[in-house]
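Shown below: input-v7.pdb, with PDB, C-alpha atoms, pLDDT in the B column.
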```
ATOM      1  CA  MET Q   1     -32.181  12.140  -9.332  1.00 70.00           C
ATOM      2  CA  THR Q   2     -32.062   9.790  -6.375  1.00 82.00           C
ATOM      3  CA  LEU Q   3     -29.569   7.404  -4.867  1.00 92.00           C
ATOM      4  CA  SER Q   4     -30.480   3.811  -5.694  1.00 95.00           C
ATOM      5  CA  LEU Q   5     -30.906   1.169  -3.030  1.00 96.00           C
ATOM      6  CA  ALA Q   6     -28.077  -0.761  -4.710  1.00 97.00           C
ATOM      7  CA  ASP Q   7     -25.751   2.250  -4.324  1.00 97.00           C
ATOM      8  CA  ALA Q   8     -26.855   2.766  -0.714  1.00 98.00           C
ATOM      9  CA  ASN Q   9     -25.970  -0.844   0.065  1.00 98.00           C
ATOM     10  CA  ILE Q  10     -22.607  -0.599  -1.735  1.00 98.00           C
ATOM     11  CA  LEU Q  11     -21.877   2.565   0.261  1.00 98.00           C
ATOM     12  CA  ILE Q  12     -22.700   0.806   3.523  1.00 98.00           C
ATOM     13  CA  ASP Q  13     -20.580  -2.216   2.637  1.00 98.00           C
ATOM     14  CA  ALA Q  14     -17.589  -0.061   1.679  1.00 98.00           C
ATOM     15  CA  ALA Q  15     -17.887   2.051   4.836  1.00 98.00           C
ATOM     16  CA  MET Q  16     -18.048  -1.068   7.008  1.00 98.00           C
ATOM     17  CA  LYS Q  17     -15.014  -2.549   5.226  1.00 98.00           C
ATOM     18  CA  GLU Q  18     -13.094   0.698   5.705  1.00 98.00           C
ATOM     19  CA  GLY Q  19     -13.841   0.580   9.422  1.00 98.00           C
ATOM     20  CA  GLN Q  20     -12.759  -3.048   9.686  1.00 97.00           C
ATOM     21  CA  ALA Q  21      -9.557  -2.414   7.714  1.00 98.00           C
ATOM     22  CA  LYS Q  22      -8.633   0.493   9.977  1.00 98.00           C
ATOM     23  CA  GLY Q  23      -9.538  -1.321  13.184  1.00 98.00           C
ATOM     24  CA  PHE Q  24     -12.464   0.931  14.081  1.00 98.00           C
ATOM     25  CA  ALA Q  25     -15.017  -0.121  16.688  1.00 98.00           C
ATOM     26  CA  PRO Q  26     -18.181  -1.729  15.233  1.00 98.00           C
ATOM     27  CA  LEU Q  27     -20.005   0.815  13.081  1.00 98.00           C
ATOM     28  CA  ALA Q  28     -23.597   1.562  12.261  1.00 98.00           C
ATOM     29  CA  VAL Q  29     -24.374   3.190   8.909  1.00 98.00           C
ATOM     30  CA  CYS Q  30     -27.606   4.928   7.934  1.00 98.00           C
ATOM     31  CA  VAL Q  31     -28.324   6.272   4.439  1.00 98.00           C
ATOM     32  CA  LEU Q  32     -31.150   8.806   4.070  1.00 98.00           C
ATOM     33  CA  ASP Q  33     -32.815  10.059   0.910  1.00 97.00           C
ATOM     34  CA  THR Q  34     -33.219  13.796   0.309  1.00 96.00           C
ATOM     35  CA  GLY Q  35     -36.458  13.829   2.299  1.00 95.00           C
ATOM     36  CA  GLY Q  36     -34.754  12.408   5.380  1.00 95.00           C
ATOM     37  CA  HIS Q  37     -36.295   8.943   5.003  1.00 96.00           C
ATOM     38  CA  VAL Q  38     -34.184   5.880   5.780  1.00 97.00           C
ATOM     39  CA  GLN Q  39     -33.124   4.181   2.579  1.00 97.00           C
ATOM     40  CA  ALA Q  40     -30.765   1.620   4.111  1.00 98.00           C
ATOM     41  CA  PHE Q  41     -29.236   0.833   7.495  1.00 98.00           C
ATOM     42  CA  GLN Q  42     -26.828  -1.727   8.892  1.00 98.00           C
ATOM     43  CA  ARG Q  43     -25.313  -2.184  12.322  1.00 97.00           C
ATOM     44  CA  ALA Q  44     -22.153  -4.257  12.676  1.00 97.00           C
ATOM     45  CA  ASP Q  45     -22.039  -7.127  15.123  1.00 97.00           C
ATOM     46  CA  GLY Q  46     -21.093  -5.756  18.510  1.00 96.00           C
ATOM     47  CA  ALA Q  47     -22.255  -2.191  17.883  1.00 95.00           C
ATOM     48  CA  SER Q  48     -23.900  -0.768  20.975  1.00 93.00           C
ATOM     49  CA  MET Q  49     -27.517   0.268  21.353  1.00 94.00           C
ATOM     50  CA  MET Q  50     -28.771   3.650  20.095  1.00 96.00           C
ATOM     51  CA  ARG Q  51     -26.452   3.445  17.086  1.00 97.00           C
ATOM     52  CA  PHE Q  52     -29.378   3.700  14.664  1.00 97.00           C
ATOM     53  CA  GLU Q  53     -30.605   6.903  16.290  1.00 97.00           C
ATOM     54  CA  ILE Q  54     -27.127   8.436  16.363  1.00 97.00           C
ATOM     55  CA  ALA Q  55     -26.268   7.523  12.753  1.00 98.00           C
ATOM     56  CA  ARG Q  56     -29.653   8.753  11.557  1.00 98.00           C
ATOM     57  CA  GLY Q  57     -29.255  11.975  13.563  1.00 97.00           C
ATOM     58  CA  LYS Q  58     -25.898  12.747  11.978  1.00 97.00           C
ATOM     59  CA  ALA Q  59     -27.268  12.257   8.454  1.00 98.00           C
ATOM     60  CA  TYR Q  60     -30.519  14.071   9.286  1.00 97.00           C
ATOM     61  CA  GLY Q  61     -28.626  17.091  10.597  1.00 96.00           C
ATOM     62  CA  ALA Q  62     -26.538  17.284   7.444  1.00 96.00           C
ATOM     63  CA  LEU Q  63     -29.675  17.230   5.293  1.00 96.00           C
ATOM     64  CA  ALA Q  64     -31.412  19.772   7.513  1.00 95.00           C
ATOM     65  CA  VAL Q  65     -28.792  22.461   6.986  1.00 95.00           C
ATOM     66  CA  GLY Q  66     -27.300  21.415   3.643  1.00 95.00           C
ATOM     67  CA  LYS Q  67     -23.840  20.947   5.108  1.00 95.00           C
ATOM     68  CA  GLY Q  68     -21.953  18.082   6.682  1.00 95.00           C
ATOM     69  CA  SER Q  69     -22.279  17.458  10.381  1.00 93.00           C
ATOM     70  CA  ARG Q  70     -18.693  18.634  10.902  1.00 94.00           C
ATOM     71  CA  TRP Q  71     -20.076  22.104  10.109  1.00 94.00           C
ATOM     72  CA  LEU Q  72     -22.828  21.559  12.672  1.00 93.00           C
ATOM     73  CA  ASN Q  73     -20.197  20.604  15.244  1.00 92.00           C
ATOM     74  CA  ALA Q  74     -18.405  23.917  14.649  1.00 92.00           C
ATOM     75  CA  GLN Q  75     -21.708  25.762  15.023  1.00 90.00           C
ATOM     76  CA  ALA Q  76     -22.378  23.982  18.318  1.00 88.00           C
ATOM     77  CA  GLU Q  77     -19.085  25.310  19.628  1.00 89.00           C
ATOM     78  CA  GLY Q  78     -19.398  28.849  18.277  1.00 91.00           C
ATOM     79  CA  ARG Q  79     -23.163  29.380  18.216  1.00 92.00           C
ATOM     80  CA  PRO Q  80     -24.714  27.143  20.855  1.00 90.00           C
ATOM     81  CA  HIS Q  81     -28.032  29.013  20.774  1.00 92.00           C
ATOM     82  CA  PHE Q  82     -28.372  28.246  17.065  1.00 91.00           C
ATOM     83  CA  LEU Q  83     -27.862  24.538  17.721  1.00 88.00           C
ATOM     84  CA  GLU Q  84     -30.237  24.594  20.650  1.00 90.00           C
ATOM     85  CA  GLY Q  85     -32.917  26.153  18.455  1.00 92.00           C
ATOM     86  CA  LEU Q  86     -32.204  23.737  15.609  1.00 90.00           C
ATOM     87  CA  SER Q  87     -32.473  20.816  17.994  1.00 89.00           C
ATOM     88  CA  ASN Q  88     -35.769  22.137  19.311  1.00 92.00           C
ATOM     89  CA  VAL Q  89     -37.379  22.671  15.912  1.00 94.00           C
ATOM     90  CA  SER Q  90     -36.218  19.238  14.734  1.00 92.00           C
ATOM     91  CA  GLY Q  91     -37.662  17.483  17.756  1.00 91.00           C
ATOM     92  CA  GLY Q  92     -34.179  16.514  18.932  1.00 90.00           C
ATOM     93  CA  LYS Q  93     -33.413  14.566  15.747  1.00 93.00           C
ATOM     94  CA  ILE Q  94     -30.072  16.246  14.968  1.00 93.00           C
ATOM     95  CA  VAL Q  95     -26.717  14.922  16.226  1.00 94.00           C
ATOM     96  CA  PRO Q  96     -24.185  17.731  15.561  1.00 93.00           C
ATOM     97  CA  VAL Q  97     -20.879  15.854  15.438  1.00 94.00           C
ATOM     98  CA  PRO Q  98     -18.763  14.652  12.489  1.00 96.00           C
ATOM     99  CA  GLY Q  99     -19.916  11.511  10.736  1.00 97.00           C
ATOM    100  CA  GLY Q 100     -22.888  12.944   8.820  1.00 97.00           C
ATOM    101  CA  VAL Q 101     -21.968  13.547   5.190  1.00 98.00           C
ATOM    102  CA  LEU Q 102     -24.032  14.800   2.267  1.00 98.00           C
ATOM    103  CA  ILE Q 103     -24.011  12.742  -0.933  1.00 98.00           C
ATOM    104  CA  LYS Q 104     -24.092  14.625  -4.238  1.00 97.00           C
ATOM    105  CA  ASP Q 105     -23.680  13.628  -7.852  1.00 95.00           C
ATOM    106  CA  GLN Q 106     -20.957  15.096 -10.066  1.00 94.00           C
ATOM    107  CA  ASP Q 107     -23.270  17.954 -11.086  1.00 95.00           C
ATOM    108  CA  GLY Q 108     -23.859  18.960  -7.464  1.00 95.00           C
ATOM    109  CA  THR Q 109     -27.370  17.523  -7.191  1.00 96.00           C
ATOM    110  CA  LEU Q 110     -28.155  16.376  -3.673  1.00 97.00           C
ATOM    111  CA  LEU Q 111     -28.871  12.626  -3.501  1.00 97.00           C
ATOM    112  CA  GLY Q 112     -29.094  12.115   0.262  1.00 97.00           C
ATOM    113  CA  ALA Q 113     -26.811  11.754   3.260  1.00 98.00           C
ATOM    114  CA  VAL Q 114     -25.026   9.078   5.224  1.00 98.00           C
ATOM    115  CA  GLY Q 115     -24.526   9.039   8.976  1.00 98.00           C
ATOM    116  CA  ILE Q 116     -22.033   6.745  10.653  1.00 98.00           C
ATOM    117  CA  THR Q 117     -21.381   6.109  14.323  1.00 98.00           C
ATOM    118  CA  GLY Q 118     -19.517   3.641  16.479  1.00 97.00           C
ATOM    119  CA  ASP Q 119     -15.952   4.944  16.700  1.00 97.00           C
ATOM    120  CA  THR Q 120     -14.646   8.481  17.162  1.00 97.00           C
ATOM    121  CA  SER Q 121     -16.543  11.056  15.141  1.00 96.00           C
ATOM    122  CA  ASP Q 122     -13.479  11.666  12.960  1.00 97.00           C
ATOM    123  CA  ASN Q 123     -13.182   7.943  12.217  1.00 98.00           C
ATOM    124  CA  ASP Q 124     -16.900   7.719  11.532  1.00 98.00           C
ATOM    125  CA  GLU Q 125     -16.440  10.452   8.935  1.00 97.00           C
ATOM    126  CA  ILE Q 126     -13.478   8.617   7.367  1.00 98.00           C
ATOM    127  CA  ALA Q 127     -15.687   5.572   6.870  1.00 98.00           C
ATOM    128  CA  ALA Q 128     -18.463   7.739   5.387  1.00 98.00           C
ATOM    129  CA  LEU Q 129     -16.063   9.286   2.888  1.00 98.00           C
ATOM    130  CA  ALA Q 130     -14.832   5.837   1.839  1.00 98.00           C
ATOM    131  CA  GLY Q 131     -18.393   4.658   1.338  1.00 98.00           C
ATOM    132  CA  ILE Q 132     -19.298   7.624  -0.826  1.00 98.00           C
ATOM    133  CA  ALA Q 133     -16.096   7.255  -2.871  1.00 98.00           C
ATOM    134  CA  ALA Q 134     -16.998   3.604  -3.517  1.00 98.00           C
ATOM    135  CA  ILE Q 135     -20.137   4.664  -5.404  1.00 98.00           C
ATOM    136  CA  GLY Q 136     -18.379   7.447  -7.311  1.00 96.00           C
ATOM    137  CA  LYS Q 137     -20.338  10.276  -5.710  1.00 97.00           C
ATOM    138  CA  VAL Q 138     -19.245  13.557  -4.128  1.00 94.00           C
ATOM    139  CA  ALA Q 139     -19.008  13.871  -0.340  1.00 95.00           C
ATOM    140  CA  ILE Q 140     -19.728  17.111   1.520  1.00 93.00           C
ATOM    141  CA  ALA Q 141     -18.505  16.699   5.100  1.00 88.00           C
ATOM    142  CA  ASP Q 142     -18.349  20.332   6.221  1.00 87.00           C
TER     143      ASP Q 142
END
```

Written as structure tokens, how would this file's structure read?
Amino acid sequence: MTLSLADANILIDAAMKEGQAKGFAPLAVCVLDTGGHVQAFQRADGASMMRFEIARGKAYGALAVGKGSRWLNAQAEGRPHFLEGLSNVSGGKIVPVPGGVLIKDQDGTLLGAVGITGDTSDNDEIAALAGIAAIGKVAIAD
């Protein structure tokens, strides 16, 4: 099973609206399929440069290890050599801070991941969770 483009766009819209409602800085949202390919991306007006790369890196890292990027953040603190090696083997594609969340269906099947950046990492994750909830899927943040 895959995440549809329509669902990816609904997720992005809901995440952006959550950020606006909470007064977050302009967000960028990247949805990846299970193979790590970009399915959809949007960057809010006023979002700074490199937001695509950061959002993609958060989602990519979550897919790479099968856990949310909050877990990766904890590993960076407790096992820096692991994260250094992971970064090296991924060609530097992984951004190990909260805001990268796995998307699963109700049966636990992986559908992809979303990465959000623009505000604090915790706020980015809040927006990701809202986006995933809007499409009725299960979020795995850690």

Subject >> Contacts of Q:Ala14 at 12 Å (only C-alpha atoms; same-chain gap of 5+ positions) as a PyMOL selection string >> reply: chain Q and resi 7-9+19-21+27+29+42+126-136

Original post:
What does the distance between atom CA of Q:Gly66 and atom CA of Q:Thr109 come to in Å, to one decimal place?
Top reply: 11.5 Å

Original post:
Which residues match the PyMOL selection byres ((chain Q and resi 57) around 9) in the file above, as an MDAnalysis selection string?
Top reply: chainID Q and resid 52:56 58:62 92:96 100 115

If you count all atoms listed in the file, which residues fall within 9 Å of Q:Gln39, apart from same-chain ones fewer than 5 positions away, as a PDB file with C-alpha atoms, keeping the file's coordinate frame?
```
ATOM      1  CA  LEU Q   3     -29.569   7.404  -4.867  1.00 92.00           C
ATOM      2  CA  SER Q   4     -30.480   3.811  -5.694  1.00 95.00           C
ATOM      3  CA  LEU Q   5     -30.906   1.169  -3.030  1.00 96.00           C
ATOM      4  CA  ALA Q   8     -26.855   2.766  -0.714  1.00 98.00           C
ATOM      5  CA  CYS Q  30     -27.606   4.928   7.934  1.00 98.00           C
ATOM      6  CA  VAL Q  31     -28.324   6.272   4.439  1.00 98.00           C
ATOM      7  CA  LEU Q  32     -31.150   8.806   4.070  1.00 98.00           C
ATOM      8  CA  ASP Q  33     -32.815  10.059   0.910  1.00 97.00           C
TER       9      ASP Q  33
END
```

Subject >> Residue nearest Q:Val89 among Q:Thr34, Q:Ala64, Q:Ile10, Q:Pro26 (counting all atoms listed in the file) >> reply: Q:Ala64

**OP:** Calculate how many Å separate atom CA of Q:Gly68 from atom CA of Q:Val138, rounding to one decimal.
**Re:**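 Rounded to one decimal, the two atoms are 12.0 Å apart.
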
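When all atoms listed in the file are used to compute distances to Q:Lys104, the closest of the residues Q:Gly23, Q:Asp119, Q:Glu18, Q:Leu63 turns out to be Q:Leu63.
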
**OP:** Would you list the contacts of Q:Asp124 as number ranges by chain, taking every protein, DNA or RNA residue within 6 Å and counting all atoms listed in the file, but skipping same-chain residues closer than 6 positions in sequence?
**Re:** Q: 99, 116-117

Original post:
Which of these, Q:Leu11, Q:Phe24, Q:Leu102, Q:Gly35, has the shortest distance to Q:Asp122 once you count all atoms listed in the file?
Top reply: Q:Phe24

Subject >> Between atom CA of Q:Ala28 and atom CA of Q:Ala74 - distance in Å to one decimal >> reply: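 Separating atom CA of Q:Ala74 from atom CA of Q:Ala28 is a distance of 23.1 Å.
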
Original post:
Which one of Q:Gly78, Q:Trp71, Q:Ala141, Q:Val97 sits closest to Q:Ala113 if you count only C-alpha atoms?
Top reply: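 Smallest separation from Q:Ala113 among the options: Q:Ala141.
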
Subject >> Q:Leu86, Q:Ala76, Q:Ala40, Q:Ala139 ranked by distance to Q:Ile103, top pick (using only C-alpha atoms) >> reply: Q:Ala139

Set up a box along x, y and z of the file covering all listed atoms of stretch 96-115 of chain Q, add 5 Å on every one of the six sides, and write the centre and edge lengths in Å to one decimal, as JSON.
```
{"center_x": -23.9, "center_y": 14.0, "center_z": 2.2, "size_x": 20.3, "size_y": 19.9, "size_z": 36.6}
```

Subject >> Q:Val38, Q:Ala25, Q:Ala44, Q:Met1 ranked by distance to Q:Asp13, top pick (using only C-alpha atoms) >> reply: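 Counting only C-alpha atoms, the residue closest to Q:Asp13 is Q:Ala44.
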